[in-house]
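So this one's data_34.cif, mmCIF, C-alpha atoms:
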```cif
data_data
#
loop_
_atom_site.group_PDB
_atom_site.id
_atom_site.type_symbol
_atom_site.label_atom_id
_atom_site.label_comp_id
_atom_site.auth_asym_id
_atom_site.auth_seq_id
_atom_site.Cartn_x
_atom_site.Cartn_y
_atom_site.Cartn_z
ATOM 1 C CA MET A 1 0.000 0.000 0.000
ATOM 2 C CA THR A 2 1.439 3.366 -1.065
ATOM 3 C CA THR A 3 0.029 6.849 -0.440
ATOM 4 C CA PHE A 4 1.147 9.591 -2.818
ATOM 5 C CA VAL A 5 0.312 13.075 -4.078
ATOM 6 C CA CYS A 6 -0.429 13.982 -7.698
ATOM 7 C CA GLY A 7 -1.051 17.343 -9.321
ATOM 8 C CA LEU A 8 -3.939 17.754 -11.754
ATOM 9 C CA THR A 9 -4.099 20.768 -14.053
ATOM 10 C CA LEU A 10 -7.248 21.341 -16.139
ATOM 11 C CA VAL A 11 -7.096 23.640 -19.180
ATOM 12 C CA ARG A 12 -9.980 24.625 -21.412
ATOM 13 C CA HIS A 13 -9.143 24.863 -25.119
ATOM 14 C CA GLY A 14 -8.358 28.262 -26.655
ATOM 15 C CA GLU A 15 -10.884 30.336 -28.570
ATOM 16 C CA THR A 16 -12.321 29.246 -31.915
ATOM 17 C CA GLN A 17 -14.277 31.381 -34.378
ATOM 18 C CA TYR A 18 -17.505 29.840 -33.069
ATOM 19 C CA ASN A 19 -16.581 30.899 -29.527
ATOM 20 C CA LYS A 20 -16.043 34.426 -30.771
ATOM 21 C CA ASP A 21 -19.362 34.431 -32.643
ATOM 22 C CA GLY A 22 -21.360 32.993 -29.736
ATOM 23 C CA LEU A 23 -22.206 29.726 -31.496
ATOM 24 C CA LEU A 24 -22.449 26.265 -29.927
ATOM 25 C CA GLN A 25 -19.871 23.730 -31.120
ATOM 26 C CA GLY A 26 -20.505 20.626 -29.038
ATOM 27 C CA GLN A 27 -19.314 17.470 -30.776
ATOM 28 C CA SER A 28 -20.423 17.946 -34.379
ATOM 29 C CA VAL A 29 -18.467 21.166 -35.032
ATOM 30 C CA ASP A 30 -14.723 20.462 -34.870
ATOM 31 C CA LEU A 31 -12.901 23.725 -35.582
ATOM 32 C CA PRO A 32 -9.236 24.708 -35.133
ATOM 33 C CA LEU A 33 -8.158 27.531 -32.854
ATOM 34 C CA SER A 34 -8.546 31.097 -34.048
ATOM 35 C CA GLU A 35 -5.548 33.433 -34.017
ATOM 36 C CA ILE A 36 -6.682 34.710 -30.630
ATOM 37 C CA GLY A 37 -7.157 31.128 -29.455
ATOM 38 C CA LEU A 38 -3.602 30.271 -30.487
ATOM 39 C CA GLN A 39 -2.317 33.278 -28.531
ATOM 40 C CA GLN A 40 -4.320 32.140 -25.503
ATOM 41 C CA ALA A 41 -2.864 28.636 -25.756
ATOM 42 C CA LYS A 42 0.651 30.092 -26.011
ATOM 43 C CA ALA A 43 0.008 32.191 -22.892
ATOM 44 C CA ALA A 44 -1.165 29.076 -21.043
ATOM 45 C CA GLY A 45 1.936 27.241 -22.257
ATOM 46 C CA GLU A 46 4.165 30.046 -21.011
ATOM 47 C CA PHE A 47 2.456 29.975 -17.608
ATOM 48 C CA LEU A 48 2.880 26.191 -17.344
ATOM 49 C CA LYS A 49 6.294 25.795 -18.973
ATOM 50 C CA HIS A 50 8.095 25.112 -15.665
ATOM 51 C CA VAL A 51 5.541 22.534 -14.511
ATOM 52 C CA HIS A 52 6.801 18.964 -14.674
ATOM 53 C CA PHE A 53 4.039 16.954 -16.319
ATOM 54 C CA SER A 54 4.204 13.183 -16.113
ATOM 55 C CA HIS A 55 0.963 12.575 -18.053
ATOM 56 C CA VAL A 56 -1.012 14.527 -20.661
ATOM 57 C CA PHE A 57 -4.646 13.649 -21.404
ATOM 58 C CA VAL A 58 -6.561 15.496 -24.113
ATOM 59 C CA SER A 59 -9.933 15.405 -25.835
ATOM 60 C CA ASP A 60 -9.879 13.958 -29.343
ATOM 61 C CA MET A 61 -11.367 17.189 -30.742
ATOM 62 C CA LEU A 62 -9.156 19.486 -32.816
ATOM 63 C CA ARG A 63 -9.455 22.632 -30.694
ATOM 64 C CA ALA A 64 -8.351 20.754 -27.570
ATOM 65 C CA GLN A 65 -5.527 18.926 -29.348
ATOM 66 C CA GLU A 66 -4.113 22.148 -30.780
ATOM 67 C CA THR A 67 -4.229 23.713 -27.317
ATOM 68 C CA ALA A 68 -2.447 20.740 -25.745
ATOM 69 C CA GLN A 69 0.213 20.666 -28.455
ATOM 70 C CA THR A 70 0.859 24.395 -28.052
ATOM 71 C CA ILE A 71 1.231 24.032 -24.276
ATOM 72 C CA THR A 72 3.478 20.984 -24.355
ATOM 73 C CA GLU A 73 5.822 22.091 -27.132
ATOM 74 C CA VAL A 74 7.361 24.751 -24.860
ATOM 75 C CA ASN A 75 7.575 22.449 -21.813
ATOM 76 C CA SER A 76 10.801 20.439 -21.620
ATOM 77 C CA SER A 77 9.197 17.816 -19.349
ATOM 78 C CA CYS A 78 6.817 16.942 -22.197
ATOM 79 C CA SER A 79 9.569 16.187 -24.686
ATOM 80 C CA GLY A 80 8.864 12.673 -25.887
ATOM 81 C CA LEU A 81 5.766 12.432 -23.691
ATOM 82 C CA GLN A 82 2.782 10.863 -25.437
ATOM 83 C CA LEU A 83 -0.410 12.936 -25.596
ATOM 84 C CA MET A 84 -3.148 10.494 -24.682
ATOM 85 C CA CYS A 85 -6.240 11.450 -26.732
ATOM 86 C CA ASP A 86 -9.480 10.191 -25.244
ATOM 87 C CA PRO A 87 -13.016 10.645 -26.640
ATOM 88 C CA LEU A 88 -14.308 10.479 -23.054
ATOM 89 C CA LEU A 89 -12.960 14.048 -22.690
ATOM 90 C CA LYS A 90 -14.831 15.516 -25.647
ATOM 91 C CA GLU A 91 -17.359 18.310 -25.235
ATOM 92 C CA ILE A 92 -20.976 17.727 -24.258
ATOM 93 C CA SER A 93 -23.289 16.897 -27.150
ATOM 94 C CA PHE A 94 -25.884 19.659 -27.503
ATOM 95 C CA GLY A 95 -27.994 17.748 -30.023
ATOM 96 C CA ILE A 96 -30.054 19.874 -32.405
ATOM 97 C CA ALA A 97 -28.637 23.087 -30.895
ATOM 98 C CA GLU A 98 -25.106 22.489 -32.206
ATOM 99 C CA GLY A 99 -24.008 25.023 -34.789
ATOM 100 C CA GLY A 100 -26.663 27.507 -33.662
ATOM 101 C CA PRO A 101 -26.393 30.615 -31.508
ATOM 102 C CA MET A 102 -25.974 30.275 -27.751
ATOM 103 C CA GLN A 103 -28.900 32.634 -27.277
ATOM 104 C CA ALA A 104 -31.213 30.241 -29.124
ATOM 105 C CA VAL A 105 -30.539 27.357 -26.736
ATOM 106 C CA LYS A 106 -31.012 29.685 -23.748
ATOM 107 C CA GLU A 107 -34.422 30.618 -25.128
ATOM 108 C CA MET A 108 -35.160 26.936 -25.749
ATOM 109 C CA ALA A 109 -34.307 26.199 -22.111
ATOM 110 C CA ALA A 110 -36.466 29.074 -20.849
ATOM 111 C CA ALA A 111 -39.423 27.808 -22.887
ATOM 112 C CA ALA A 112 -39.019 24.443 -21.151
ATOM 113 C CA GLY A 113 -38.896 26.119 -17.730
ATOM 114 C CA GLN A 114 -35.183 25.353 -17.324
ATOM 115 C CA VAL A 115 -31.859 27.179 -17.516
ATOM 116 C CA PHE A 116 -28.768 26.726 -19.643
ATOM 117 C CA PRO A 117 -26.270 25.247 -18.860
ATOM 118 C CA GLY A 118 -28.073 22.278 -17.375
ATOM 119 C CA PHE A 119 -30.767 22.113 -20.049
ATOM 120 C CA THR A 120 -30.503 19.213 -22.509
ATOM 121 C CA PRO A 121 -31.605 20.084 -26.066
ATOM 122 C CA PRO A 122 -33.307 17.287 -28.048
ATOM 123 C CA GLY A 123 -30.703 14.748 -29.117
ATOM 124 C CA GLY A 124 -28.132 16.015 -26.603
ATOM 125 C CA GLU A 125 -26.428 14.462 -23.585
ATOM 126 C CA THR A 126 -27.889 14.877 -20.128
ATOM 127 C CA GLN A 127 -25.719 16.186 -17.283
ATOM 128 C CA GLU A 128 -25.784 12.725 -15.715
ATOM 129 C CA GLN A 129 -24.641 11.057 -18.940
ATOM 130 C CA VAL A 130 -21.714 13.467 -19.101
ATOM 131 C CA ARG A 131 -20.869 12.922 -15.434
ATOM 132 C CA LEU A 132 -20.762 9.167 -15.952
ATOM 133 C CA ARG A 133 -18.511 9.712 -18.977
ATOM 134 C CA PHE A 134 -16.149 11.727 -16.775
ATOM 135 C CA VAL A 135 -16.251 9.048 -14.060
ATOM 136 C CA GLN A 136 -15.201 6.487 -16.655
ATOM 137 C CA PHE A 137 -12.284 8.689 -17.740
ATOM 138 C CA TRP A 138 -11.335 9.395 -14.101
ATOM 139 C CA GLY A 139 -10.981 5.684 -13.408
ATOM 140 C CA LYS A 140 -8.810 5.202 -16.492
ATOM 141 C CA MET A 141 -6.630 8.169 -15.548
ATOM 142 C CA LEU A 142 -6.052 6.935 -11.983
ATOM 143 C CA GLN A 143 -5.255 3.458 -13.248
ATOM 144 C CA LYS A 144 -2.680 4.855 -15.680
ATOM 145 C CA ILE A 145 -1.049 7.074 -13.046
ATOM 146 C CA GLY A 146 -0.986 4.239 -10.538
ATOM 147 C CA SER A 147 0.543 1.791 -12.996
ATOM 148 C CA ASP A 148 3.316 4.280 -13.833
ATOM 149 C CA LEU A 149 4.124 5.096 -10.206
ATOM 150 C CA GLN A 150 7.685 4.252 -9.217
ATOM 151 C CA THR A 151 8.027 3.590 -5.495
ATOM 152 C CA GLU A 152 10.446 2.042 -3.053
ATOM 153 C CA PRO A 153 10.115 -1.719 -2.501
ATOM 154 C CA ASN A 154 8.767 -1.190 1.044
ATOM 155 C CA ASP A 155 5.126 -0.247 1.481
ATOM 156 C CA GLY A 156 4.330 3.202 2.848
ATOM 157 C CA TYR A 157 4.331 6.824 1.756
ATOM 158 C CA CYS A 158 6.148 7.462 -1.520
ATOM 159 C CA PRO A 159 9.300 9.309 -0.350
ATOM 160 C CA LEU A 160 9.707 11.371 -3.524
ATOM 161 C CA LEU A 161 6.375 13.163 -3.215
ATOM 162 C CA PRO A 162 5.532 16.050 -0.836
ATOM 163 C CA GLU A 163 2.777 16.068 1.740
ATOM 164 C CA ALA A 164 -0.465 17.602 0.441
ATOM 165 C CA SER A 165 -0.335 20.266 3.172
ATOM 166 C CA ALA A 166 3.009 21.450 1.839
ATOM 167 C CA VAL A 167 1.600 22.382 -1.551
ATOM 168 C CA GLN A 168 -1.890 23.667 -0.780
ATOM 169 C CA GLY A 169 -2.184 27.412 -1.314
ATOM 170 C CA ASP A 170 1.155 27.765 -3.116
ATOM 171 C CA ASP A 171 0.942 28.345 -6.865
ATOM 172 C CA ILE A 172 4.685 27.932 -7.314
ATOM 173 C CA ALA A 173 4.536 24.491 -5.711
ATOM 174 C CA MET A 174 2.582 23.212 -8.717
ATOM 175 C CA CYS A 175 5.886 23.386 -10.587
ATOM 176 C CA LYS A 176 7.551 21.050 -8.078
ATOM 177 C CA LEU A 177 5.325 17.993 -8.140
ATOM 178 C CA PRO A 178 7.112 15.083 -9.878
ATOM 179 C CA LEU A 179 3.775 13.372 -10.587
ATOM 180 C CA HIS A 180 1.385 15.708 -12.390
ATOM 181 C CA ALA A 181 -1.340 15.194 -14.997
ATOM 182 C CA LEU A 182 -2.370 17.809 -17.567
ATOM 183 C CA LEU A 183 -5.943 17.488 -18.836
ATOM 184 C CA VAL A 184 -7.096 19.610 -21.809
ATOM 185 C CA SER A 185 -10.815 19.557 -22.502
ATOM 186 C CA HIS A 186 -13.900 21.750 -23.000
ATOM 187 C CA GLY A 187 -15.883 24.345 -21.077
ATOM 188 C CA ALA A 188 -19.249 22.674 -20.443
ATOM 189 C CA TYR A 189 -17.613 19.282 -19.893
ATOM 190 C CA MET A 190 -15.222 20.758 -17.325
ATOM 191 C CA CYS A 191 -18.140 22.313 -15.426
ATOM 192 C CA VAL A 192 -19.602 18.826 -14.972
ATOM 193 C CA ALA A 193 -16.184 17.399 -14.043
ATOM 194 C CA VAL A 194 -15.480 20.038 -11.384
ATOM 195 C CA ARG A 195 -18.975 19.632 -9.952
ATOM 196 C CA HIS A 196 -18.258 15.896 -9.568
ATOM 197 C CA LEU A 197 -14.937 16.586 -7.828
ATOM 198 C CA VAL A 198 -16.661 18.893 -5.322
ATOM 199 C CA ARG A 199 -19.991 17.138 -4.779
ATOM 200 C CA GLU A 200 -18.917 13.480 -5.032
ATOM 201 C CA LEU A 201 -15.236 13.491 -4.025
ATOM 202 C CA GLY A 202 -15.374 16.250 -1.415
ATOM 203 C CA CYS A 203 -12.885 18.578 -3.096
ATOM 204 C CA THR A 204 -11.965 21.454 -0.784
ATOM 205 C CA LEU A 205 -12.164 24.937 -2.293
ATOM 206 C CA PRO A 206 -9.524 27.663 -2.584
ATOM 207 C CA GLN A 207 -9.669 30.359 0.057
ATOM 208 C CA GLY A 208 -12.289 32.957 -0.862
ATOM 209 C CA SER A 209 -14.053 30.716 -3.397
ATOM 210 C CA ASP A 210 -17.580 29.325 -3.292
ATOM 211 C CA GLU A 211 -19.468 26.779 -5.366
ATOM 212 C CA ALA A 212 -20.808 29.434 -7.728
ATOM 213 C CA LYS A 213 -17.251 30.349 -8.707
ATOM 214 C CA MET A 214 -16.125 26.721 -8.826
ATOM 215 C CA PHE A 215 -18.949 25.697 -11.156
ATOM 216 C CA ALA A 216 -18.706 28.720 -13.480
ATOM 217 C CA LEU A 217 -17.694 28.315 -17.121
ATOM 218 C CA SER A 218 -13.937 28.612 -17.590
ATOM 219 C CA PRO A 219 -12.656 31.274 -19.996
ATOM 220 C CA ASN A 220 -10.940 29.977 -23.112
ATOM 221 C CA ALA A 221 -7.509 28.599 -22.108
ATOM 222 C CA GLY A 222 -8.459 29.086 -18.434
ATOM 223 C CA ILE A 223 -6.377 27.023 -15.999
ATOM 224 C CA SER A 224 -7.447 25.199 -12.841
ATOM 225 C CA HIS A 225 -5.154 23.306 -10.495
ATOM 226 C CA PHE A 226 -5.899 20.519 -8.030
ATOM 227 C CA ILE A 227 -3.882 18.399 -5.611
ATOM 228 C CA LEU A 228 -4.917 14.744 -5.353
ATOM 229 C CA THR A 229 -3.947 12.562 -2.417
ATOM 230 C CA LEU A 230 -4.102 8.964 -3.620
ATOM 231 C CA ARG A 231 -3.463 5.489 -2.282
ATOM 232 C CA LYS A 232 -2.349 2.577 -4.405
ATOM 233 C CA ASP A 233 -3.314 -0.792 -3.003
ATOM 234 C CA GLY A 234 -2.685 -3.766 -5.224
ATOM 235 C CA GLY A 235 -3.971 -2.972 -8.701
ATOM 236 C CA GLY A 236 -6.324 -0.152 -7.705
ATOM 237 C CA VAL A 237 -5.953 3.540 -6.832
ATOM 238 C CA GLU A 238 -8.182 5.164 -4.197
ATOM 239 C CA VAL A 239 -8.798 8.908 -3.854
ATOM 240 C CA LEU A 240 -8.147 10.019 -0.267
ATOM 241 C CA GLY A 241 -8.546 13.741 -0.845
ATOM 242 C CA VAL A 242 -8.852 16.498 -3.452
ATOM 243 C CA HIS A 243 -7.930 20.150 -2.954
ATOM 244 C CA CYS A 244 -8.369 22.953 -5.500
ATOM 245 C CA GLN A 245 -5.550 25.520 -5.425
ATOM 246 C CA PHE A 246 -7.143 27.831 -7.980
ATOM 247 C CA ILE A 247 -9.977 27.698 -10.492
ATOM 248 C CA ASN A 248 -10.444 29.101 -14.008
ATOM 249 C CA LYS A 249 -7.332 31.300 -13.911
ATOM 250 C CA ARG A 250 -6.970 33.551 -16.946
ATOM 251 C CA VAL A 251 -3.285 34.138 -17.659
ATOM 252 C CA ASP A 252 -1.577 36.902 -19.604
ATOM 253 C CA GLU A 253 1.045 36.287 -22.244
ATOM 254 C CA GLY A 254 4.566 36.271 -20.835
ATOM 255 C CA THR A 255 3.679 35.174 -17.264
ATOM 256 C CA SER A 256 4.565 31.878 -15.626
ATOM 257 C CA CYS A 257 3.594 30.136 -12.407
ATOM 258 C CA TYR A 258 6.847 31.448 -10.906
ATOM 259 C CA ASP A 259 5.516 35.011 -11.366
ATOM 260 C CA GLN A 260 2.374 34.432 -9.299
#
```
Please express the file's structure as structure tokens.
Amino acid sequence: MTTFVCGLTLVRHGETQYNKDGLLQGQSVDLPLSEIGLQQAKAAGEFLKHVHFSHVFVSDMLRAQETAQTITEVNSSCSGLQLMCDPLLKEISFGIAEGGPMQAVKEMAAAAGQVFPGFTPPGGETQEQVRLRFVQFWGKMLQKIGSDLQTEPNDGYCPLLPEASAVQGDDIAMCKLPLHALLVSHGAYMCVAVRHLVRELGCTLPQGSDEAKMFALSPNAGISHFILTLRKDGGGVEVLGVHCQFINKRVDEGTSCYDQ
């Protein structure tokens, strides 16, 4: 049995033309980043360039892959590291609303006595379907991290990894974790994922944050950082604790985590 700490950094993809125009992309519209989106991804890459990533997971959609590639190409720890593309990380399906204006689906939700996000257009995924998709990915991610963990022969706490209390509340410390997963995905999907971390796994919030802020839509290329305390026992990995250091951080070009 081995207890260890792992960093988890979530990044939403950079802007696309549809984002700029206020149109829903979902799964059926697979656009590249706009020029602004590429700049946003480069700014995120600059912020994260000193972070040692051991794993990179990315949606199989083009806008997320371009964001991940832009981030990792300036990070020396990612040299030779495989980007693991997973369709479980793709954006929510918005059914018949995809390709149309965001305002139209909000009006559709209001007519049904509901609000968006949270409303499921005809043919789209429900929030619970998306949550279960994230749970499936989460299990795969933990299994991969656990299988790659290098520990001493004796059972106990992995000596190479810091205590969770030593890294909570310190942005710079995110650069120092030797085991750290980068996850690049989509705005609505990440809202569901973060809600699961808080409501189901008991994630503690950053100082001064509340659930409204935690569950808000991330800006394009917004960054969130979590500390996971995990225990590997046999072939499985158990989550002992989750702490959010910061949520939906918008970074400026030319800044890094060492500047915070």
Polymer residues at most 8 Å from (12.9, 21.2, -17.6) by all atoms listed in the file, as a list in words: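 Residues with an atom at most 8 Å from (12.9, 21.2, -17.6): His50, His52, Asn75, Ser76 and Ser77 of chain A.
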Nearest-residue call for Ala109 of chain A, choices A:Asp252, A:Pro121, A:Arg131, A:Glu15, using all atoms listed in the file: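 Of all the options, A:Pro121 lies closest to Ala109 of chain A.
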Selected by the PyMOL selection byres ((chain A and resi 144) around 12) in the shown coordinates: which residues, as number ranges by chain? A: 54-57, 84, 137-143, 145-149, 179, 181, 232, 235-237
Requested write-out: C-alpha atoms of the selected residues, as a CSV table (one decimal), in the frame of the given file:
```csv
chain,number,residue,atom,x,y,z
A,54,SER,CA,4.2,13.2,-16.1
A,55,HIS,CA,1.0,12.6,-18.1
A,56,VAL,CA,-1.0,14.5,-20.7
A,57,PHE,CA,-4.6,13.6,-21.4
A,84,MET,CA,-3.1,10.5,-24.7
A,137,PHE,CA,-12.3,8.7,-17.7
A,138,TRP,CA,-11.3,9.4,-14.1
A,139,GLY,CA,-11.0,5.7,-13.4
A,140,LYS,CA,-8.8,5.2,-16.5
A,141,MET,CA,-6.6,8.2,-15.5
A,142,LEU,CA,-6.1,6.9,-12.0
A,143,GLN,CA,-5.3,3.5,-13.2
A,145,ILE,CA,-1.0,7.1,-13.0
A,146,GLY,CA,-1.0,4.2,-10.5
A,147,SER,CA,0.5,1.8,-13.0
A,148,ASP,CA,3.3,4.3,-13.8
A,149,LEU,CA,4.1,5.1,-10.2
A,179,LEU,CA,3.8,13.4,-10.6
A,181,ALA,CA,-1.3,15.2,-15.0
A,232,LYS,CA,-2.3,2.6,-4.4
A,235,GLY,CA,-4.0,-3.0,-8.7
A,236,GLY,CA,-6.3,-0.2,-7.7
A,237,VAL,CA,-6.0,3.5,-6.8
```
Any chance you could resolve the PyMOL selection byres ((chain A and resi 224) around 8) against this file and give the residues as a ChimeraX atom specification? /A:9-11,222-223,225-226,244-249
Write out, as a Markdown table, each residue of segment 63-136 of chain A that has an atom at most 8 Å from segment 17-23 of chain A, together with the closest pair of atoms and their distance in Å to one decimal, counting all atoms listed in the file, rows going by chain and rising number.
```
| residue | atom | partner | partner_atom | distance |
| --- | --- | --- | --- | --- |
| A:Glu98 | CA | A:Leu23 | CA | 7.8 |
| A:Gly99 | CA | A:Leu23 | CA | 6.0 |
| A:Gly100 | CA | A:Leu23 | CA | 5.4 |
| A:Pro101 | CA | A:Leu23 | CA | 4.3 |
| A:Met102 | CA | A:Leu23 | CA | 5.3 |
| A:Gln103 | CA | A:Gly22 | CA | 7.9 |
```
Kindly assemble as JSON lines a list of the segment 94-116 of chain A residues that lie within 9 Å of segment 124-127 of chain A, each paired with its nearest atom pair and their distance in Å to one decimal, using all atoms listed in the file, sorted first by chain and then by ascending residue number.
```
{"residue": "A:Phe94", "atom": "CA", "partner": "A:Gly124", "partner_atom": "CA", "distance": 4.4}
{"residue": "A:Gly95", "atom": "CA", "partner": "A:Gly124", "partner_atom": "CA", "distance": 3.8}
{"residue": "A:Ile96", "atom": "CA", "partner": "A:Gly124", "partner_atom": "CA", "distance": 7.2}
{"residue": "A:Ala97", "atom": "CA", "partner": "A:Gly124", "partner_atom": "CA", "distance": 8.3}
```
Can you pull out every residue within 10 Å of Thr229 of chain A, counting only C-alpha atoms, but drop anything in the same chain fewer than 2 positions away, and send it as a list in words?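 Counting only C-alpha atoms, the residues come to Thr3, Phe4, Val5, Cys6, Gly7, Glu163, Ala164, Phe226, Ile227, Arg231, Glu238, Val239, Leu240, Gly241, Val242 and His243 of chain A.
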Could you state which residues are captured by the PyMOL selection byres ((chain A and resi 189-194) around 9) in this file, as a list in words? Leu10, Val11, Arg12, Leu89, Lys90, Glu91, Ile92, Gln127, Glu128, Val130, Arg131, Phe134, Val135, Ser185, His186, Gly187, Ala188, Arg195, His196, Leu197, Val198, Arg199, Cys203, Met214, Phe215, Ala216, Leu217 and Ser218 of chain A
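Across A:Thr120, A:Gln39, A:Gln129, A:Gln27, the tightest approach to Ile71 of chain A is made by A:Gln39 when counting all atoms listed in the file.
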What does the distance from atom CA of Ala68 of chain A to atom CA of Ala44 of chain A come to in Å, to one decimal?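 For atom CA of Ala68 of chain A relative to atom CA of Ala44 of chain A, the distance reads 9.7 Å.
Atom CA of Asp210 of chain A sits 29.4 Å away from atom CA of Arg63 of chain A.
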Closest to Pro87 of chain A among A:Lys49, A:Val184, A:Ala43, A:Gln114, using only C-alpha atoms?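 Closest to Pro87 of chain A, using only C-alpha atoms: A:Val184.
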Work out how far apart atom CA of Leu33 of chain A and atom CA of Thr70 of chain A are and give it in Å to one decimal.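 Separating atom CA of Leu33 of chain A from atom CA of Thr70 of chain A is a distance of 10.7 Å.
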Padded axis-aligned box of segment 86-99 of chain A (6 Å per side), centre and edge lengths, Å, one decimal, as AutoDock Vina command-line options:
```
--center_x -19.8 --center_y 17.6 --center_z -28.7 --size_x 32.6 --size_y 26.8 --size_z 24.1
```
Point out the residue among A:Ala111, A:Leu182, A:Leu132, A:Ile36 with the least atom-to-atom distance to Val58 of chain A, counting only C-alpha atoms. A:Leu182
